[in-house]
>>> print(open('entry-v1.cif').read())   # mmCIF, C-alpha atoms
data_entry
loop_
_atom_site.group_PDB
_atom_site.id
_atom_site.type_symbol
_atom_site.label_atom_id
_atom_site.label_comp_id
_atom_site.auth_asym_id
_atom_site.auth_seq_id
_atom_site.Cartn_x
_atom_site.Cartn_y
_atom_site.Cartn_z
ATOM 1 C CA MET A 1 -34.457 -1.800 17.910
ATOM 2 C CA ASP A 2 -35.286 -4.779 20.119
ATOM 3 C CA LEU A 3 -34.050 -7.994 18.492
ATOM 4 C CA ASP A 4 -36.628 -10.148 20.307
ATOM 5 C CA SER A 5 -39.367 -8.072 18.684
ATOM 6 C CA VAL A 6 -37.678 -8.414 15.285
ATOM 7 C CA ARG A 7 -37.353 -12.180 15.744
ATOM 8 C CA THR A 8 -41.015 -12.400 16.752
ATOM 9 C CA PHE A 9 -42.033 -10.367 13.692
ATOM 10 C CA VAL A 10 -40.157 -12.739 11.366
ATOM 11 C CA ALA A 11 -41.669 -15.810 13.056
ATOM 12 C CA ALA A 12 -45.194 -14.360 12.743
ATOM 13 C CA ALA A 13 -44.613 -13.403 9.108
ATOM 14 C CA ASP A 14 -43.441 -16.935 8.286
ATOM 15 C CA ALA A 15 -46.232 -18.636 10.241
ATOM 16 C CA GLY A 16 -49.026 -16.284 9.151
ATOM 17 C CA GLN A 17 -50.592 -16.558 12.622
ATOM 18 C CA PHE A 18 -49.578 -15.122 15.977
ATOM 19 C CA GLN A 19 -50.604 -18.350 17.713
ATOM 20 C CA GLU A 20 -48.227 -20.485 15.633
ATOM 21 C CA ALA A 21 -45.440 -17.943 16.125
ATOM 22 C CA ALA A 22 -46.015 -18.098 19.873
ATOM 23 C CA ALA A 23 -45.707 -21.897 19.827
ATOM 24 C CA GLU A 24 -42.486 -21.705 17.790
ATOM 25 C CA LEU A 25 -40.947 -19.156 20.146
ATOM 26 C CA ALA A 26 -42.246 -20.871 23.307
ATOM 27 C CA VAL A 27 -44.049 -17.747 24.517
ATOM 28 C CA THR A 28 -47.690 -16.792 24.909
ATOM 29 C CA GLN A 29 -49.769 -15.331 22.101
ATOM 30 C CA GLN A 30 -50.157 -12.211 24.227
ATOM 31 C CA ALA A 31 -46.360 -11.850 24.343
ATOM 32 C CA VAL A 32 -46.206 -12.079 20.550
ATOM 33 C CA SER A 33 -48.863 -9.354 20.223
ATOM 34 C CA LYS A 34 -47.010 -7.079 22.663
ATOM 35 C CA ARG A 35 -43.673 -7.526 20.872
ATOM 36 C CA ILE A 36 -45.233 -6.779 17.478
ATOM 37 C CA ALA A 37 -46.963 -3.706 18.915
ATOM 38 C CA THR A 38 -43.654 -2.511 20.398
ATOM 39 C CA LEU A 39 -41.906 -2.927 17.051
ATOM 40 C CA GLU A 40 -44.712 -1.093 15.238
ATOM 41 C CA ARG A 41 -44.385 1.834 17.662
ATOM 42 C CA THR A 42 -40.624 1.901 17.126
ATOM 43 C CA LEU A 43 -41.014 1.936 13.341
ATOM 44 C CA GLY A 44 -44.100 4.135 13.255
ATOM 45 C CA VAL A 45 -45.970 1.851 10.841
ATOM 46 C CA ARG A 46 -48.406 -1.054 10.874
ATOM 47 C CA LEU A 47 -46.736 -4.364 10.043
ATOM 48 C CA PHE A 48 -49.709 -6.744 10.077
ATOM 49 C CA THR A 49 -53.381 -6.690 9.187
ATOM 50 C CA ARG A 50 -55.617 -9.108 11.096
ATOM 51 C CA THR A 51 -57.782 -11.294 8.838
ATOM 52 C CA PRO A 52 -60.068 -14.306 9.418
ATOM 53 C CA ARG A 53 -57.201 -16.505 8.234
ATOM 54 C CA GLY A 54 -54.645 -15.010 10.620
ATOM 55 C CA ALA A 55 -52.186 -12.125 10.160
ATOM 56 C CA GLU A 56 -51.121 -10.754 6.796
ATOM 57 C CA LEU A 57 -48.198 -8.413 6.192
ATOM 58 C CA THR A 58 -48.981 -4.857 5.226
ATOM 59 C CA ILE A 59 -47.019 -3.180 2.452
ATOM 60 C CA ASP A 60 -44.701 -1.760 5.134
ATOM 61 C CA GLY A 61 -44.393 -5.220 6.689
ATOM 62 C CA GLN A 62 -43.412 -6.693 3.333
ATOM 63 C CA ALA A 63 -40.803 -3.961 2.857
ATOM 64 C CA PHE A 64 -39.372 -4.497 6.345
ATOM 65 C CA LEU A 65 -39.235 -8.325 6.245
ATOM 66 C CA PRO A 66 -35.994 -8.824 4.230
ATOM 67 C CA HIS A 67 -34.215 -6.238 6.382
ATOM 68 C CA ALA A 68 -35.492 -7.949 9.533
ATOM 69 C CA ARG A 69 -34.054 -11.252 8.342
ATOM 70 C CA GLU A 70 -30.688 -9.588 7.683
ATOM 71 C CA LEU A 71 -30.749 -8.028 11.169
ATOM 72 C CA LEU A 72 -31.167 -11.475 12.692
ATOM 73 C CA ARG A 73 -28.408 -12.962 10.517
ATOM 74 C CA ALA A 74 -26.088 -10.124 11.576
ATOM 75 C CA ALA A 75 -26.936 -10.766 15.239
ATOM 76 C CA ASP A 76 -26.173 -14.477 14.830
ATOM 77 C CA ARG A 77 -22.845 -13.692 13.158
ATOM 78 C CA ALA A 78 -21.987 -11.281 15.978
ATOM 79 C CA LEU A 79 -22.655 -13.979 18.583
ATOM 80 C CA GLU A 80 -20.608 -16.563 16.702
ATOM 81 C CA SER A 81 -17.663 -14.151 16.499
ATOM 82 C CA VAL A 82 -17.261 -14.137 20.294
ATOM 83 C CA ARG A 83 -18.684 -17.478 21.425
ATOM 84 C CA PRO A 84 -15.895 -19.922 22.418
ATOM 85 C CA GLY A 85 -15.973 -22.961 20.188
ATOM 86 C CA SER A 86 -17.694 -21.179 17.329
ATOM 87 C CA ARG A 87 -15.489 -18.137 16.872
ATOM 88 C CA PRO A 88 -11.984 -18.533 15.415
ATOM 89 C CA LEU A 89 -9.009 -19.154 17.692
ATOM 90 C CA ARG A 90 -7.091 -15.857 17.950
ATOM 91 C CA VAL A 91 -3.307 -16.201 18.170
ATOM 92 C CA ASP A 92 -0.580 -13.529 18.249
ATOM 93 C CA VAL A 93 2.581 -14.478 16.329
ATOM 94 C CA ILE A 94 4.564 -11.165 16.501
ATOM 95 C CA ALA A 95 5.792 -11.428 12.872
ATOM 96 C CA SER A 96 4.307 -13.030 9.769
ATOM 97 C CA ARG A 97 7.619 -14.581 8.601
ATOM 98 C CA GLY A 98 8.883 -15.782 11.949
ATOM 99 C CA ALA A 99 9.017 -19.206 13.558
ATOM 100 C CA ALA A 100 5.738 -18.731 15.450
ATOM 101 C CA ALA A 101 3.894 -18.063 12.196
ATOM 102 C CA GLY A 102 5.408 -21.284 10.838
ATOM 103 C CA LEU A 103 4.135 -23.206 13.859
ATOM 104 C CA MET A 104 0.642 -21.828 13.264
ATOM 105 C CA ARG A 105 0.785 -22.768 9.587
ATOM 106 C CA GLY A 106 1.592 -26.308 10.656
ATOM 107 C CA PHE A 107 -1.344 -26.311 13.083
ATOM 108 C CA HIS A 108 -3.670 -25.019 10.353
ATOM 109 C CA ARG A 109 -2.560 -27.743 7.928
ATOM 110 C CA ALA A 110 -3.200 -30.376 10.599
ATOM 111 C CA ASN A 111 -6.558 -28.834 11.597
ATOM 112 C CA PRO A 112 -7.995 -27.231 8.448
ATOM 113 C CA ASP A 113 -11.545 -27.096 9.860
ATOM 114 C CA THR A 114 -10.523 -25.060 12.909
ATOM 115 C CA GLY A 115 -11.235 -21.353 12.497
ATOM 116 C CA LEU A 116 -8.087 -19.297 13.018
ATOM 117 C CA ASP A 117 -7.345 -15.579 13.283
ATOM 118 C CA VAL A 118 -3.646 -14.624 13.327
ATOM 119 C CA LEU A 119 -2.729 -11.262 14.855
ATOM 120 C CA MET A 120 0.566 -9.446 15.306
ATOM 121 C CA LEU A 121 1.049 -7.490 18.520
ATOM 122 C CA LEU A 122 4.356 -5.950 19.523
ATOM 123 C CA GLU A 123 5.027 -5.674 23.248
ATOM 124 C CA ILE A 124 4.523 -8.512 25.691
ATOM 125 C CA ASP A 125 2.574 -6.255 28.084
ATOM 126 C CA ASN A 126 0.015 -5.633 25.342
ATOM 127 C CA ALA A 127 -0.149 -9.345 24.550
ATOM 128 C CA VAL A 128 -0.667 -10.318 28.195
ATOM 129 C CA ALA A 129 -3.371 -7.664 28.581
ATOM 130 C CA ALA A 130 -5.074 -9.053 25.462
ATOM 131 C CA LEU A 131 -4.941 -12.580 26.933
ATOM 132 C CA ARG A 132 -6.503 -11.397 30.178
ATOM 133 C CA SER A 133 -9.255 -9.457 28.417
ATOM 134 C CA GLY A 134 -10.055 -12.307 26.031
ATOM 135 C CA THR A 135 -9.074 -10.297 22.948
ATOM 136 C CA ILE A 136 -6.683 -13.106 21.986
ATOM 137 C CA ASP A 137 -6.487 -16.737 23.073
ATOM 138 C CA ALA A 138 -2.726 -17.317 22.863
ATOM 139 C CA THR A 139 0.544 -15.588 22.070
ATOM 140 C CA PHE A 140 4.069 -16.744 21.251
ATOM 141 C CA ARG A 141 6.718 -15.038 23.401
ATOM 142 C CA ALA A 142 10.105 -15.599 25.025
ATOM 143 C CA VAL A 143 8.081 -15.802 28.280
ATOM 144 C CA ALA A 144 9.069 -12.500 29.909
ATOM 145 C CA ALA A 145 11.955 -10.127 30.368
ATOM 146 C CA PRO A 146 13.915 -10.292 33.646
ATOM 147 C CA GLY A 147 12.164 -8.663 36.601
ATOM 148 C CA ARG A 148 8.768 -8.840 34.856
ATOM 149 C CA PRO A 149 7.217 -12.191 35.812
ATOM 150 C CA LEU A 150 3.995 -13.340 34.221
ATOM 151 C CA PRO A 151 0.752 -12.868 36.173
ATOM 152 C CA GLU A 152 -0.454 -15.972 37.995
ATOM 153 C CA ASP A 153 -3.478 -16.337 35.711
ATOM 154 C CA ILE A 154 -1.248 -16.626 32.612
ATOM 155 C CA ALA A 155 0.155 -20.077 31.805
ATOM 156 C CA SER A 156 3.087 -20.782 29.510
ATOM 157 C CA VAL A 157 4.899 -23.712 27.946
ATOM 158 C CA ARG A 158 8.183 -23.706 26.045
ATOM 159 C CA VAL A 159 7.503 -24.943 22.516
ATOM 160 C CA LEU A 160 10.537 -24.239 20.324
ATOM 161 C CA ASP A 161 14.233 -23.372 20.687
ATOM 162 C CA GLU A 162 15.188 -21.673 17.418
ATOM 163 C CA PRO A 163 18.921 -21.556 16.611
ATOM 164 C CA LEU A 164 20.256 -18.222 15.390
ATOM 165 C CA ARG A 165 22.320 -18.014 12.228
ATOM 166 C CA LEU A 166 24.623 -15.265 11.046
ATOM 167 C CA MET A 167 23.540 -13.665 7.787
ATOM 168 C CA THR A 168 26.143 -11.825 5.706
ATOM 169 C CA GLY A 169 26.517 -10.414 2.237
ATOM 170 C CA PRO A 170 28.920 -12.009 -0.268
ATOM 171 C CA ASP A 171 31.781 -9.597 0.544
ATOM 172 C CA HIS A 172 31.681 -9.881 4.329
ATOM 173 C CA ALA A 173 34.872 -11.119 6.004
ATOM 174 C CA LEU A 174 33.037 -14.226 7.310
ATOM 175 C CA ALA A 175 31.043 -14.963 4.151
ATOM 176 C CA GLY A 176 33.091 -18.036 3.297
ATOM 177 C CA ALA A 177 32.947 -19.646 6.741
ATOM 178 C CA LYS A 178 31.107 -22.947 7.181
ATOM 179 C CA SER A 179 30.349 -21.960 10.778
ATOM 180 C CA VAL A 180 31.383 -19.240 13.221
ATOM 181 C CA THR A 181 31.767 -19.234 16.972
ATOM 182 C CA LEU A 182 30.415 -16.458 19.156
ATOM 183 C CA ALA A 183 34.013 -15.585 20.044
ATOM 184 C CA GLU A 184 34.791 -15.048 16.353
ATOM 185 C CA LEU A 185 31.939 -12.532 16.117
ATOM 186 C CA VAL A 186 33.502 -10.176 18.648
ATOM 187 C CA GLY A 187 34.403 -6.939 16.875
ATOM 188 C CA HIS A 188 32.047 -7.494 13.958
ATOM 189 C CA ARG A 189 29.059 -5.158 13.528
ATOM 190 C CA ILE A 190 25.732 -6.985 13.811
ATOM 191 C CA TRP A 191 22.859 -4.790 12.666
ATOM 192 C CA MET A 192 19.345 -5.487 13.958
ATOM 193 C CA PRO A 193 17.070 -2.458 13.543
ATOM 194 C CA GLY A 194 13.997 -4.458 14.623
ATOM 195 C CA ILE A 195 15.081 -4.595 18.280
ATOM 196 C CA ALA A 196 12.549 -2.514 20.230
ATOM 197 C CA PRO A 197 13.363 -1.259 23.750
ATOM 198 C CA GLY A 198 11.322 -2.905 26.487
ATOM 199 C CA THR A 199 10.526 -6.053 24.510
ATOM 200 C CA GLU A 200 11.498 -9.556 25.541
ATOM 201 C CA TRP A 201 13.614 -9.960 22.405
ATOM 202 C CA GLY A 202 15.379 -6.709 23.316
ATOM 203 C CA ALA A 203 16.217 -8.249 26.695
ATOM 204 C CA TYR A 204 17.372 -11.457 24.976
ATOM 205 C CA TYR A 205 19.867 -9.690 22.706
ATOM 206 C CA ALA A 206 21.039 -7.407 25.531
ATOM 207 C CA ASP A 207 22.005 -10.487 27.545
ATOM 208 C CA LEU A 208 23.686 -12.032 24.495
ATOM 209 C CA VAL A 209 25.790 -8.883 24.079
ATOM 210 C CA ALA A 210 26.656 -8.731 27.780
ATOM 211 C CA GLU A 211 27.743 -12.358 28.051
ATOM 212 C CA PHE A 212 29.802 -12.691 24.854
ATOM 213 C CA GLY A 213 31.008 -9.134 24.182
ATOM 214 C CA LEU A 214 29.224 -8.766 20.842
ATOM 215 C CA THR A 215 28.394 -5.537 19.056
ATOM 216 C CA ILE A 216 24.707 -5.380 18.116
ATOM 217 C CA GLU A 217 23.460 -2.117 16.631
ATOM 218 C CA ALA A 218 19.754 -1.271 16.521
ATOM 219 C CA THR A 219 20.222 2.118 14.883
ATOM 220 C CA GLY A 220 18.041 3.497 12.111
ATOM 221 C CA PRO A 221 14.382 2.924 11.268
ATOM 222 C CA ASN A 222 13.078 -0.581 10.774
ATOM 223 C CA PHE A 223 11.799 -0.751 7.188
ATOM 224 C CA GLY A 224 11.151 -4.499 7.361
ATOM 225 C CA SER A 225 12.983 -7.635 6.323
ATOM 226 C CA ASP A 226 13.293 -6.774 2.619
ATOM 227 C CA ALA A 227 15.153 -3.534 3.367
ATOM 228 C CA LEU A 228 17.306 -5.356 5.934
ATOM 229 C CA LEU A 229 18.345 -7.976 3.370
ATOM 230 C CA ASP A 230 19.144 -5.299 0.779
ATOM 231 C CA THR A 231 21.420 -3.495 3.244
ATOM 232 C CA ILE A 232 23.214 -6.636 4.437
ATOM 233 C CA ALA A 233 23.822 -7.715 0.829
ATOM 234 C CA ASP A 234 25.337 -4.341 -0.133
ATOM 235 C CA THR A 235 27.341 -3.555 3.035
ATOM 236 C CA PRO A 236 30.426 -5.746 3.648
ATOM 237 C CA ALA A 237 30.891 -4.401 7.181
ATOM 238 C CA LEU A 238 27.431 -5.465 8.411
ATOM 239 C CA ALA A 239 25.911 -8.815 9.371
ATOM 240 C CA THR A 240 22.707 -9.738 11.182
ATOM 241 C CA PHE A 241 21.228 -12.596 13.170
ATOM 242 C CA MET A 242 18.383 -14.548 11.603
ATOM 243 C CA GLY A 243 16.306 -17.320 13.171
ATOM 244 C CA GLU A 244 16.744 -20.723 11.522
ATOM 245 C CA HIS A 245 12.982 -21.024 10.944
ATOM 246 C CA THR A 246 12.432 -17.513 9.596
ATOM 247 C CA ARG A 247 11.014 -17.692 6.061
ATOM 248 C CA LEU A 248 12.711 -15.179 3.754
ATOM 249 C CA VAL A 249 13.063 -14.784 -0.003
ATOM 250 C CA TRP A 250 15.681 -12.590 -1.672
ATOM 251 C CA PRO A 251 17.004 -12.039 -5.201
ATOM 252 C CA THR A 252 19.711 -14.480 -6.259
ATOM 253 C CA GLY A 253 21.995 -11.525 -7.027
ATOM 254 C CA HIS A 254 22.167 -10.660 -3.334
ATOM 255 C CA GLY A 255 24.499 -13.597 -2.673
ATOM 256 C CA LEU A 256 23.495 -13.728 0.992
ATOM 257 C CA ARG A 257 25.034 -16.335 3.293
ATOM 258 C CA LEU A 258 23.396 -18.069 6.281
ATOM 259 C CA ILE A 259 26.122 -19.353 8.572
ATOM 260 C CA PRO A 260 25.576 -21.612 11.642
ATOM 261 C CA VAL A 261 26.721 -20.104 14.963
ATOM 262 C CA THR A 262 28.434 -22.453 17.421
ATOM 263 C CA ASP A 263 30.275 -22.750 20.702
ATOM 264 C CA PRO A 264 27.617 -22.199 21.999
ATOM 265 C CA THR A 265 24.679 -21.873 19.615
ATOM 266 C CA PRO A 266 22.359 -19.080 20.760
ATOM 267 C CA VAL A 267 18.748 -20.256 20.544
ATOM 268 C CA TYR A 268 15.696 -18.055 20.781
ATOM 269 C CA PRO A 269 13.149 -19.665 23.155
ATOM 270 C CA HIS A 270 9.582 -19.494 21.855
ATOM 271 C CA SER A 271 6.855 -20.163 24.432
ATOM 272 C CA LEU A 272 3.088 -20.327 24.091
ATOM 273 C CA LEU A 273 1.161 -18.197 26.593
ATOM 274 C CA TRP A 274 -2.573 -18.369 27.378
ATOM 275 C CA HIS A 275 -5.044 -17.478 30.126
ATOM 276 C CA ARG A 276 -5.644 -20.375 32.503
ATOM 277 C CA ASP A 277 -9.443 -19.915 32.358
ATOM 278 C CA ASN A 278 -9.692 -19.647 28.559
ATOM 279 C CA PRO A 279 -12.456 -22.093 27.486
ATOM 280 C CA HIS A 280 -11.807 -22.174 23.735
ATOM 281 C CA PRO A 281 -11.681 -25.886 22.738
ATOM 282 C CA ALA A 282 -9.177 -25.261 19.938
ATOM 283 C CA LEU A 283 -6.662 -23.935 22.467
ATOM 284 C CA ALA A 284 -6.156 -27.424 23.903
ATOM 285 C CA ALA A 285 -5.827 -28.772 20.360
ATOM 286 C CA LEU A 286 -3.113 -26.194 19.654
ATOM 287 C CA ARG A 287 -1.157 -27.141 22.792
ATOM 288 C CA ASP A 288 -1.411 -30.848 21.934
ATOM 289 C CA HIS A 289 -0.241 -30.181 18.370
ATOM 290 C CA LEU A 290 2.787 -28.192 19.543
ATOM 291 C CA ALA A 291 3.684 -30.837 22.122
ATOM 292 C CA ALA A 292 3.619 -33.510 19.423
ATOM 293 C CA THR A 293 5.514 -31.606 16.728
ATOM 294 C CA THR A 294 8.253 -29.658 18.549
ATOM 295 C CA THR A 295 11.483 -30.957 20.035
ATOM 296 C CA GLY A 296 13.237 -30.689 23.384
ATOM 297 C CA HIS A 297 14.889 -27.633 24.892
ATOM 298 C CA ASP A 298 18.211 -26.566 26.391
ATOM 299 C CA ALA A 299 20.165 -29.029 24.259
ATOM 300 C CA PRO A 300 23.911 -29.340 24.985
ATOM 301 C CA GLY A 301 25.954 -26.636 23.296
ATOM 302 C CA THR A 302 23.130 -24.070 23.208
ATOM 303 C CA TRP A 303 22.646 -20.784 25.064
ATOM 304 C CA THR A 304 19.627 -18.904 26.409
ATOM 305 C CA PRO A 305 19.496 -16.145 29.054
ATOM 306 C CA ASP A 306 19.214 -17.196 32.684
ATOM 307 C CA TRP A 307 15.710 -15.711 32.958
ATOM 308 C CA VAL A 308 14.217 -18.008 30.326
ATOM 309 C CA ARG A 309 12.026 -20.632 31.921
ATOM 310 C CA PRO A 310 12.894 -24.294 31.298
#
>>> encode(input="entry-v1.cif", output="structure tokens")
Amino acid sequence: MDLDSVRTFVAAADAGQFQEAAAELAVTQQAVSKRIATLERTLGVRLFTRTPRGAELTIDGQAFLPHARELLRAADRALESVRPGSRPLRVDVIASRGAAAGLMRGFHRANPDTGLDVLMLLEIDNAVAALRSGTIDATFRAVAAPGRPLPEDIASVRVLDEPLRLMTGPDHALAGAKSVTLAELVGHRIWMPGIAPGTEWGAYYADLVAEFGLTIEATGPNFGSDALLDTIADTPALATFMGEHTRLVWPTGHGLRLIPVTDPTPVYPHSLLWHRDNPHPALAALRDHLAATTTGHDAPGTWTPDWVRP
């Protein structure tokens, strides 16, 4: 069904005359007549009856009018959903409880009138493809794994270095420590079932293991953070790494400990990525907000892999 014909039908029904509808639509009266005739052939009914006073809706025209209005409203909503500046800003945050989600919550509080859609993609290749296709406007990543540079049309800026903490249950050997060094973690089992092969966070933890001789196990299915916390609380031999800005809630009976890691402190580098030609006006507002609300990077006493961009 041709939407121009539907729009012309609604204008003629409201005006009651083809001539007035033509003036409203900035077309000729002949064009209005042709569009109405085309719509009538498509529907197989007469929509108007010509009278000395103008054009009156037939019974079929009256029945079709509310549906025609809804068709036009649906078309307008469809256009707004993809038009930069009117559609929501689409941002990938990887995980709903992670630091990137917290950054977006802060942006939303500071810009409550800005439409926002938050998505969660997994692999960086999928996120970059979504940036290039326009499916999303921005994504939070650790830039890229070694040997896999970003395409030239993708820009990035480092926005947050998130310190890692050691999480243990109450009976773990390090549960009473005020802080632990990376050297003290050698020989302890660190369980992280969320590490996915081929991801940038997989590359990050692989480099952490290689440089400091840690034991990080990614065995078993990933049932989510709640199951991870249950297991850590009940298993004295296991610990896990948790980002300082990760938002988690657990029962008080778990007795979980969050212990700072030092000498050096491993930090996870969050960067914002976007397509250089993306015209969405809220994207610039997001970059300005992050620049104003996040701190510096590569602080003394911290560690990131060599492939992380400054």
>>> atom_distance(input="entry-v1.cif", atom1="atom CA of Val209 of chain A", atom2="atom CA of Pro260 of chain A")
17.8 Å
>>> residues_around(input="entry-v1.cif", residues="His254 of chain A", least_positions_apart="4", cutoff="12 Å", atoms="only C-alpha atoms", output="list in words")
Met167, Thr168, Gly169, Pro170, Asp171, Asp226, Leu228, Leu229, Asp230, Thr231, Ile232, Ala233, Asp234, Thr235, Pro236, Val249 and Trp250 of chain A
>>> residues_around(input="entry-v1.cif", residues="segment 138-141 of chain A", least_positions_apart="4", cutoff="8 Å", atoms="only C-alpha atoms", output="tab-separated table (two decimals) with C-alpha atoms, in the frame of the given file")
chain	number	residue	atom	x	y	z
A	90	ARG	CA	-7.09	-15.86	17.95
A	91	VAL	CA	-3.31	-16.20	18.17
A	92	ASP	CA	-0.58	-13.53	18.25
A	93	VAL	CA	2.58	-14.48	16.33
A	94	ILE	CA	4.56	-11.16	16.50
A	100	ALA	CA	5.74	-18.73	15.45
A	124	ILE	CA	4.52	-8.51	25.69
A	127	ALA	CA	-0.15	-9.35	24.55
A	131	LEU	CA	-4.94	-12.58	26.93
A	200	GLU	CA	11.50	-9.56	25.54
A	269	PRO	CA	13.15	-19.66	23.16
A	270	HIS	CA	9.58	-19.49	21.86
A	271	SER	CA	6.86	-20.16	24.43
A	272	LEU	CA	3.09	-20.33	24.09
A	273	LEU	CA	1.16	-18.20	26.59
A	274	TRP	CA	-2.57	-18.37	27.38
A	275	HIS	CA	-5.04	-17.48	30.13
A	283	LEU	CA	-6.66	-23.94	22.47
>>> resolve_selection(input="entry-v1.cif", expression="the PyMOL selection byres ((chain A and resi 162) around 9)", output="list of chain:residue names")
A:Ala99, A:Leu160, A:Asp161, A:Pro163, A:Leu164, A:Gly243, A:Glu244, A:His245, A:Pro266, A:Val267, A:Tyr268, A:Pro269, A:His270
>>> atom_distance(input="entry-v1.cif", atom1="atom CA of His289 of chain A", atom2="atom CA of Arg77 of chain A")
28.5 Å
>>> residues_around(input="entry-v1.cif", residues="Ala22 of chain A", least_positions_apart="4", cutoff="12 Å", atoms="all atoms listed in the file", output="number ranges by chain")
A: 7-18, 26-36
>>> closest_residue(input="entry-v1.cif", among="A:Ala63, A:Leu290, A:Trp201, A:Gly296", to="Ala110 of chain A", atoms="only C-alpha atoms")
A:Leu290
>>> closest_residue(input="entry-v1.cif", among="A:Ala142, A:Ala206, A:Ala299, A:Ile195", to="Gly220 of chain A", atoms="only C-alpha atoms")
A:Ile195
>>> atom_distance(input="entry-v1.cif", atom1="atom CA of Thr215 of chain A", atom2="atom CA of Gly202 of chain A")
13.7 Å
>>> residues_around(input="entry-v1.cif", residues="Pro305 of chain A", least_positions_apart="4", cutoff="8 Å", atoms="all atoms listed in the file", output="MDAnalysis selection string")
chainID A and resid 204 207:208
>>> closest_residue(input="entry-v1.cif", among="A:Pro221, A:Pro300, A:Gly187, A:Gly194", to="Leu238 of chain A", atoms="all atoms listed in the file")
A:Gly187
>>> residues_around(input="entry-v1.cif", residues="segment 183-185 of chain A", least_positions_apart="2", cutoff="10 Å", atoms="all atoms listed in the file", output="VMD selection string")
chain A and resid 166 174 179 to 181 187 to 190 212 to 215 239 261 to 264
>>> closest_residue(input="entry-v1.cif", among="A:Pro281, A:Gly54, A:Gly102, A:Pro149", to="Asp137 of chain A", atoms="all atoms listed in the file")
A:Pro281
>>> closest_residue(input="entry-v1.cif", among="A:Thr199, A:Leu103, A:Asp4, A:Val143", to="Leu121 of chain A", atoms="all atoms listed in the file")
A:Thr199
>>> closest_residue(input="entry-v1.cif", among="A:Val6, A:Leu286, A:Leu256, A:Asp76", to="Leu43 of chain A", atoms="all atoms listed in the file")
A:Val6
>>> resolve_selection(input="entry-v1.cif", expression="the PyMOL selection byres ((chain A and resi 57-59) around 8)", output="list in words")
Ala13, Arg46, Leu47, Phe48, Thr49, Ala55, Glu56, Asp60, Gly61, Gln62 and Ala63 of chain A
>>> axis_aligned_box(input="entry-v1.cif", around="segment 261-264 of chain A", padding_each_side="3 Å", output="JSON")
{"center_x": 28.5, "center_y": -21.4, "center_z": 18.5, "size_x": 9.6, "size_y": 8.6, "size_z": 13.0}
